[in-house]
$ cat target_12.pdb   # PDB, C-alpha atoms
ATOM      1  CA  MET C   1     -64.354  54.301   0.451
ATOM      2  CA  LYS C   2     -63.712  52.294   3.595
ATOM      3  CA  PRO C   3     -60.662  50.008   3.549
ATOM      4  CA  ASP C   4     -62.760  46.836   4.096
ATOM      5  CA  MET C   5     -64.983  47.657   1.174
ATOM      6  CA  GLN C   6     -61.979  48.417  -1.009
ATOM      7  CA  HIS C   7     -60.430  45.059  -0.080
ATOM      8  CA  GLN C   8     -63.631  43.215  -1.019
ATOM      9  CA  LYS C   9     -63.770  45.073  -4.304
ATOM     10  CA  ILE C  10     -60.219  44.077  -5.206
ATOM     11  CA  LYS C  11     -60.933  40.447  -4.305
ATOM     12  CA  GLN C  12     -64.011  40.442  -6.498
ATOM     13  CA  LEU C  13     -62.059  41.945  -9.388
ATOM     14  CA  LEU C  14     -59.280  39.368  -9.079
ATOM     15  CA  ASN C  15     -61.723  36.458  -8.878
ATOM     16  CA  SER C  16     -63.656  37.696 -11.861
ATOM     17  CA  SER C  17     -60.363  38.058 -13.785
ATOM     18  CA  LEU C  18     -59.458  34.485 -12.905
ATOM     19  CA  THR C  19     -62.741  33.145 -14.263
ATOM     20  CA  ARG C  20     -62.101  35.009 -17.481
ATOM     21  CA  ILE C  21     -58.674  33.430 -18.136
ATOM     22  CA  GLU C  22     -58.785  31.146 -21.145
ATOM     23  CA  GLN C  23     -58.307  27.388 -20.689
ATOM     24  CA  PRO C  24     -54.972  27.094 -22.622
ATOM     25  CA  THR C  25     -53.475  29.807 -20.390
ATOM     26  CA  LEU C  26     -54.725  28.001 -17.296
ATOM     27  CA  ASP C  27     -53.240  24.725 -18.559
ATOM     28  CA  ARG C  28     -49.880  26.411 -19.149
ATOM     29  CA  LEU C  29     -49.937  27.921 -15.672
ATOM     30  CA  HIS C  30     -50.734  24.484 -14.190
ATOM     31  CA  ASP C  31     -47.851  22.916 -16.131
ATOM     32  CA  ILE C  32     -45.410  25.565 -14.958
ATOM     33  CA  ARG C  33     -46.546  25.117 -11.354
ATOM     34  CA  ARG C  34     -46.161  21.323 -11.588
ATOM     35  CA  GLN C  35     -42.657  21.588 -13.092
ATOM     36  CA  THR C  36     -41.574  24.105 -10.489
ATOM     37  CA  LEU C  37     -42.792  21.871  -7.642
ATOM     38  CA  ALA C  38     -41.042  18.837  -9.180
ATOM     39  CA  ARG C  39     -37.765  20.795  -9.458
ATOM     40  CA  TYR C  40     -38.104  21.997  -5.877
ATOM     41  CA  ALA C  41     -38.668  18.414  -4.623
ATOM     42  CA  ALA C  42     -35.603  17.151  -6.532
ATOM     43  CA  ARG C  43     -33.404  19.897  -5.083
ATOM     44  CA  ALA C  44     -34.677  19.303  -1.556
ATOM     45  CA  THR C  45     -33.395  15.701  -1.636
ATOM     46  CA  ALA C  46     -29.980  16.597  -3.117
ATOM     47  CA  PRO C  47     -27.011  16.825  -0.696
ATOM     48  CA  MET C  48     -26.270  20.337   0.401
ATOM     49  CA  LEU C  49     -24.825  22.408   3.162
ATOM     50  CA  VAL C  50     -26.970  25.146   4.624
ATOM     51  CA  THR C  51     -25.035  27.775   6.453
ATOM     52  CA  THR C  52     -26.172  29.441   9.661
ATOM     53  CA  ASP C  53     -27.588  32.488   7.938
ATOM     54  CA  GLY C  54     -29.747  30.285   5.730
ATOM     55  CA  SER C  55     -27.687  30.618   2.583
ATOM     56  CA  VAL C  56     -27.180  27.383   0.719
ATOM     57  CA  PHE C  57     -23.801  25.973  -0.141
ATOM     58  CA  GLY C  58     -23.991  22.882  -2.300
ATOM     59  CA  THR C  59     -25.933  21.533  -5.228
ATOM     60  CA  GLN C  60     -29.280  23.165  -4.524
ATOM     61  CA  ARG C  61     -28.406  26.274  -6.433
ATOM     62  CA  LYS C  62     -27.096  25.842  -9.889
ATOM     63  CA  SER C  63     -24.056  27.956  -9.216
ATOM     64  CA  TYR C  64     -20.352  27.456  -8.770
ATOM     65  CA  HIS C  65     -19.973  29.126  -5.388
ATOM     66  CA  TRP C  66     -18.091  26.058  -4.148
ATOM     67  CA  VAL C  67     -15.349  26.369  -6.751
ATOM     68  CA  MET C  68     -13.571  29.337  -5.229
ATOM     69  CA  PRO C  69     -13.473  28.026  -1.628
ATOM     70  CA  VAL C  70     -12.212  24.642  -2.857
ATOM     71  CA  LEU C  71      -9.541  26.312  -4.977
ATOM     72  CA  LEU C  72      -8.561  28.527  -2.063
ATOM     73  CA  ALA C  73      -8.412  25.484   0.252
ATOM     74  CA  ALA C  74      -6.208  23.630  -2.237
ATOM     75  CA  CYS C  75      -3.893  26.631  -2.554
ATOM     76  CA  LEU C  76      -3.726  27.105   1.216
ATOM     77  CA  ILE C  77      -3.052  23.415   1.877
ATOM     78  CA  SER C  78      -0.318  23.195  -0.732
ATOM     79  CA  GLY C  79       1.183  26.479   0.478
ATOM     80  CA  ILE C  80       1.206  25.431   4.124
ATOM     81  CA  THR C  81       2.568  21.979   3.240
ATOM     82  CA  TYR C  82       5.330  23.525   1.095
ATOM     83  CA  TRP C  83       6.234  25.965   3.862
ATOM     84  CA  HIS C  84       6.078  23.168   6.478
ATOM     85  CA  HIS C  85       8.420  20.922   4.494
ATOM     86  CA  GLY C  86      10.714  23.836   3.695
ATOM     87  CA  ALA C  87      10.952  24.724   7.377
ATOM     88  CA  GLU C  88      11.675  21.092   8.287
ATOM     89  CA  HIS C  89      14.334  20.877   5.617
ATOM     90  CA  ASN C  90      16.027  23.945   7.057
ATOM     91  CA  THR C  91      15.789  22.372  10.534
ATOM     92  CA  GLY C  92      17.620  19.270   9.275
ATOM     93  CA  ASP C  93      20.332  21.423   7.683
ATOM     94  CA  GLU C  94      20.676  23.522  10.820
ATOM     95  CA  ASP C  95      20.800  20.455  13.042
ATOM     96  CA  ILE C  96      23.683  18.882  11.156
ATOM     97  CA  ALA C  97      25.453  22.247  11.066
ATOM     98  CA  ILE C  98      25.141  22.570  14.847
ATOM     99  CA  LEU C  99      26.192  18.955  15.414
ATOM    100  CA  THR C 100      29.327  19.386  13.304
ATOM    101  CA  ASP C 101      30.204  22.965  14.236
ATOM    102  CA  ASP C 102      33.490  23.975  15.914
ATOM    103  CA  ILE C 103      31.479  25.363  18.801
ATOM    104  CA  PRO C 104      30.102  22.725  21.223
ATOM    105  CA  ILE C 105      26.344  22.264  21.515
ATOM    106  CA  ASN C 106      26.221  23.473  25.110
ATOM    107  CA  MET C 107      27.393  26.925  23.972
ATOM    108  CA  TYR C 108      24.272  27.218  21.820
ATOM    109  CA  VAL C 109      21.974  25.805  24.470
ATOM    110  CA  GLU C 110      23.153  27.975  27.377
TER     111      GLU C 110
ATOM    112  CA  MET I 111     -19.095  36.458  -4.285
ATOM    113  CA  TRP I 112     -19.023  33.931  -1.471
ATOM    114  CA  ASN I 113     -19.787  34.851   2.081
ATOM    115  CA  LYS I 114     -17.813  34.733   5.306
ATOM    116  CA  ASN I 115     -19.214  31.295   6.193
ATOM    117  CA  ALA I 116     -17.691  29.833   3.061
ATOM    118  CA  LEU I 117     -14.354  31.445   3.955
ATOM    119  CA  LEU I 118     -14.567  30.144   7.506
ATOM    120  CA  GLY I 119     -15.373  26.660   6.197
ATOM    121  CA  THR I 120     -12.365  26.795   3.873
ATOM    122  CA  LEU I 121     -10.069  27.825   6.692
ATOM    123  CA  MET I 122     -11.379  25.071   8.981
ATOM    124  CA  LEU I 123     -10.937  22.495   6.216
ATOM    125  CA  CYS I 124      -7.325  23.582   5.764
ATOM    126  CA  LEU I 125      -6.602  23.453   9.477
ATOM    127  CA  THR I 126      -8.249  20.029   9.809
ATOM    128  CA  LEU I 127      -6.240  18.598   6.945
ATOM    129  CA  GLN I 128      -3.019  20.116   8.258
ATOM    130  CA  ALA I 129      -3.636  18.693  11.728
ATOM    131  CA  SER I 130      -4.472  15.218  10.436
ATOM    132  CA  PRO I 131      -2.171  12.351  11.483
ATOM    133  CA  SER I 132      -1.227  11.624   7.875
ATOM    134  CA  VAL I 133       0.697  14.913   7.788
ATOM    135  CA  ALA I 134       2.342  14.505  11.201
ATOM    136  CA  ALA I 135       5.693  12.763  11.680
ATOM    137  CA  VAL I 136       5.411   8.986  11.992
ATOM    138  CA  ALA I 137       7.708   6.948  14.250
ATOM    139  CA  THR I 138      10.345   4.868  12.459
ATOM    140  CA  THR I 139      11.920   1.794  14.042
ATOM    141  CA  TRP I 140      15.679   1.175  13.920
ATOM    142  CA  VAL I 141      15.269  -1.823  11.598
ATOM    143  CA  GLN I 142      13.381   0.331   9.106
ATOM    144  CA  LEU I 143      16.384   2.628   8.605
ATOM    145  CA  THR I 144      18.728   2.213   5.677
ATOM    146  CA  SER I 145      22.281   1.049   6.359
ATOM    147  CA  ALA I 146      23.548   4.575   5.630
ATOM    148  CA  GLN I 147      21.126   6.052   8.180
ATOM    149  CA  GLN I 148      22.068   3.375  10.731
ATOM    150  CA  GLU I 149      25.741   4.161  10.232
ATOM    151  CA  ALA I 150      25.201   7.886  10.793
ATOM    152  CA  LEU I 151      22.950   7.372  13.812
ATOM    153  CA  ALA I 152      24.842   4.409  15.294
ATOM    154  CA  PRO I 153      25.316   6.045  18.743
ATOM    155  CA  LEU I 154      21.521   6.162  19.100
ATOM    156  CA  ALA I 155      20.904   2.549  18.040
ATOM    157  CA  SER I 156      19.832   1.316  21.476
ATOM    158  CA  GLN I 157      17.429   4.184  22.140
ATOM    159  CA  TRP I 158      16.261   5.028  18.626
ATOM    160  CA  ASP I 159      12.884   3.286  18.931
ATOM    161  CA  THR I 160      12.074   5.279  22.081
ATOM    162  CA  LEU I 161      12.852   8.711  20.587
ATOM    163  CA  PRO I 162       9.944  11.037  19.806
ATOM    164  CA  PRO I 163       8.865  10.765  16.130
ATOM    165  CA  LYS I 164       9.533  14.452  15.533
ATOM    166  CA  LEU I 165      13.129  14.114  16.737
ATOM    167  CA  GLN I 166      13.582  10.957  14.653
ATOM    168  CA  HIS I 167      12.285  12.850  11.643
ATOM    169  CA  ASN I 168      14.697  15.771  12.191
ATOM    170  CA  LEU I 169      17.665  13.456  12.748
ATOM    171  CA  LEU I 170      16.857  11.512   9.595
ATOM    172  CA  ARG I 171      16.776  14.780   7.683
ATOM    173  CA  ALA I 172      20.123  15.710   9.183
ATOM    174  CA  THR I 173      21.664  12.417   8.044
ATOM    175  CA  LYS I 174      20.961  13.298   4.421
ATOM    176  CA  SER I 175      24.179  15.361   4.327
ATOM    177  CA  TYR I 176      26.148  12.948   6.519
ATOM    178  CA  ALA I 177      27.815  11.123   3.606
ATOM    179  CA  LYS I 178      29.338  14.381   2.337
ATOM    180  CA  LEU I 179      30.985  15.235   5.662
ATOM    181  CA  THR I 180      34.699  14.906   6.333
ATOM    182  CA  ARG I 181      35.834  12.108   8.650
ATOM    183  CA  GLU I 182      36.461  14.619  11.442
ATOM    184  CA  LYS I 183      32.972  16.092  11.124
ATOM    185  CA  LYS I 184      31.369  12.652  10.974
ATOM    186  CA  LEU I 185      33.027  11.779  14.279
ATOM    187  CA  ARG I 186      31.943  15.086  15.783
ATOM    188  CA  PHE I 187      28.384  14.548  14.586
ATOM    189  CA  GLN I 188      28.221  11.102  16.150
ATOM    190  CA  SER I 189      29.848  12.202  19.410
ATOM    191  CA  ARG I 190      27.185  14.895  19.844
ATOM    192  CA  LEU I 191      24.131  12.872  18.871
ATOM    193  CA  GLU I 192      23.354  11.551  22.326
ATOM    194  CA  ALA I 193      23.642  14.961  23.972
ATOM    195  CA  TRP I 194      21.484  16.462  21.203
ATOM    196  CA  SER I 195      18.770  13.822  21.614
ATOM    197  CA  ARG I 196      18.670  14.405  25.389
ATOM    198  CA  LEU I 197      17.827  18.097  24.947
ATOM    199  CA  THR I 198      14.227  19.206  25.212
ATOM    200  CA  PRO I 199      12.514  20.442  22.024
ATOM    201  CA  GLU I 200      12.678  23.975  23.470
ATOM    202  CA  GLN I 201      16.425  23.675  24.064
ATOM    203  CA  ARG I 202      16.975  22.453  20.507
ATOM    204  CA  LYS I 203      14.854  25.309  19.205
ATOM    205  CA  HIS I 204      16.867  27.768  21.284
ATOM    206  CA  ALA I 205      20.115  26.262  19.989
ATOM    207  CA  ARG I 206      18.926  26.622  16.383
ATOM    208  CA  GLU I 207      17.952  30.229  16.965
ATOM    209  CA  LYS I 208      21.322  30.996  18.515
ATOM    210  CA  PHE I 209      23.146  29.197  15.721
ATOM    211  CA  HIS I 210      21.100  31.094  13.149
ATOM    212  CA  ALA I 211      21.899  34.419  14.813
ATOM    213  CA  PHE I 212      25.587  33.493  15.107
ATOM    214  CA  SER I 213      25.760  32.573  11.415
ATOM    215  CA  LYS I 214      24.850  36.191  10.591
ATOM    216  CA  VAL I 215      27.825  37.583  12.500
ATOM    217  CA  SER I 216      30.810  38.659  10.373
ATOM    218  CA  PRO I 217      33.335  35.864   9.597
ATOM    219  CA  GLU I 218      36.078  37.673  11.566
ATOM    220  CA  LYS I 219      33.968  37.904  14.698
ATOM    221  CA  ARG I 220      32.831  34.305  14.276
ATOM    222  CA  GLU I 221      36.409  33.127  14.012
ATOM    223  CA  HIS I 222      37.308  35.167  17.076
ATOM    224  CA  VAL I 223      34.530  33.504  19.111
ATOM    225  CA  LYS I 224      35.533  30.069  17.843
ATOM    226  CA  GLN I 225      39.129  30.756  18.865
ATOM    227  CA  MET I 226      37.958  31.735  22.359
ATOM    228  CA  VAL I 227      35.912  28.532  22.602
ATOM    229  CA  ARG I 228      38.893  26.426  21.468
ATOM    230  CA  GLU I 229      41.095  28.064  24.121
ATOM    231  CA  GLN I 230      38.445  27.485  26.760
ATOM    232  CA  GLU I 231      38.140  23.836  25.771
ATOM    233  CA  ALA I 232      41.926  23.451  25.807
ATOM    234  CA  ASN I 233      42.091  24.985  29.289
ATOM    235  CA  LYS I 234      39.395  22.616  30.494
ATOM    236  CA  THR I 235      41.300  19.633  29.108
ATOM    237  CA  GLU I 236      44.545  20.834  30.705
ATOM    238  CA  SER I 237      42.960  21.477  34.099
ATOM    239  CA  GLY I 238      41.223  18.101  33.896
ATOM    240  CA  ALA I 239      44.515  16.370  33.172
ATOM    241  CA  ALA I 240      46.252  18.295  36.014
ATOM    242  CA  ALA I 241      43.498  17.279  38.433
ATOM    243  CA  ALA I 242      43.857  13.656  37.377
ATOM    244  CA  ASP I 243      47.652  13.826  37.862
ATOM    245  CA  SER I 244      47.343  15.320  41.362
ATOM    246  CA  SER I 245      44.839  12.638  42.432
ATOM    247  CA  ASN I 246      47.242   9.862  41.251
ATOM    248  CA  PRO I 247      50.566  10.463  43.091
TER     249      PRO I 247
END
$ encode --input "target_12.pdb" --output "structure tokens"
Amino acid sequence: MKPDMQHQKIKQLLNSSLTRIEQPTLDRLHDIRRQTLARYAARATAPMLVTTDGSVFGTQRKSYHWVMPVLLAACLISGITYWHHGAEHNTGDEDIAILTDDIPINMYVE
Amino acid sequence: MWNKNALLGTLMLCLTLQASPSVAAVATTWVQLTSAQQEALAPLASQWDTLPPKLQHNLLRATKSYAKLTREKKLRFQSRLEAWSRLTPEQRKHAREKFHAFSKVSPEKREHVKQMVREQEANKTESGAAAADSSNP
């Protein structure tokens, strides 16, 4: 059988199958299609962030992918802030130690 | 699991928040200081408002222990403030590093160095006084 003829045959079979589907089944399929389109439209208007590779980061997918980055950001920020303040505190302690030390400042600067 | 873009976004968010002005040191005017801070930083009163915020911030941190100092150390602290504020940030950083390294030296060696410095200072004072005497017959 030639490929073109085979293609036509398949098309005919599919069309004939479609005409044989019962009305309640067709109604259910229509309902499902309508609901799916409505959900898609609602998601399309929701705020989201689409990354460069096309993956979605936001509310479009009902997932919690954002939780881990936000938690990591919070941990990083608090860690850096704690370290920053700790380092500054040490600087203050060192400064007063240098300013009150037996050795003059110029000895430490030279 | 989340991809590298999410990680990159997280990192950029952290860096942005860390670099924001709210986190950076804010300038404080002389009149905003407490009386205790003004007492400790009195030698810098006239120039305080012109000092870089970062230096102000460090000096204010240093004054936290000022009240606990002995009278001698308080005087030494105040006598060195001006010289300290005139240093560049790099010089202050260098001084801290040197001080930090010196604090790790054994107490005996530290005392030995301090003794040498005292002798050097005494010699300078003596030679200064001798020079002043010779110039005033």
$ closest_atom_pairs --input "target_12.pdb" --of "chain I" --to "chain C" --cutoff "6 Å" --atoms "all atoms listed in the file" --output "JSON lines"
{"residue": "I:Thr120", "atom": "CA", "partner": "C:Ala73", "partner_atom": "CA", "distance": 5.5}
{"residue": "I:Cys124", "atom": "CA", "partner": "C:Ile77", "partner_atom": "CA", "distance": 5.8}
{"residue": "I:Asn168", "atom": "CA", "partner": "C:Gly92", "partner_atom": "CA", "distance": 5.4}
{"residue": "I:Arg171", "atom": "CA", "partner": "C:Gly92", "partner_atom": "CA", "distance": 4.8}
{"residue": "I:Ala172", "atom": "CA", "partner": "C:Gly92", "partner_atom": "CA", "distance": 4.4}
{"residue": "I:Lys183", "atom": "CA", "partner": "C:Thr100", "partner_atom": "CA", "distance": 5.4}
{"residue": "I:Arg186", "atom": "CA", "partner": "C:Thr100", "partner_atom": "CA", "distance": 5.6}
{"residue": "I:Phe187", "atom": "CA", "partner": "C:Leu99", "partner_atom": "CA", "distance": 5.0}
{"residue": "I:Gln201", "atom": "CA", "partner": "C:Val109", "partner_atom": "CA", "distance": 6.0}
{"residue": "I:Ala205", "atom": "CA", "partner": "C:Tyr108", "partner_atom": "CA", "distance": 4.6}
{"residue": "I:Lys208", "atom": "CA", "partner": "C:Tyr108", "partner_atom": "CA", "distance": 5.8}
$ axis_aligned_box --input "target_12.pdb" --around "stretch 16-34 of chain C" --padding-each-side "8 Å" --output "JSON"
{"center_x": -54.5, "center_y": 29.7, "center_z": -17.0, "size_x": 34.2, "size_y": 32.7, "size_z": 27.3}
$ residues_around --input "target_12.pdb" --residues "I:Leu151" --least-positions-apart "6" --cutoff "9 Å" --atoms "all atoms listed in the file" --output "list in words"
Trp158, Leu169, Leu170, Thr173, Gln188 and Leu191 of chain I
$ residues_around --input "target_12.pdb" --residues "I:Ser145" --least-positions-apart "4" --cutoff "12 Å" --atoms "only C-alpha atoms" --output "ChimeraX atom specification"
/I:140-141,149-152,155,173,177
$ residues_around --input "target_12.pdb" --residues "I:Pro163" --least-positions-apart "3" --cutoff "12 Å" --atoms "only C-alpha atoms" --output "PyMOL selection string"
chain I and resi 134-140+158-160+166-170+195+199
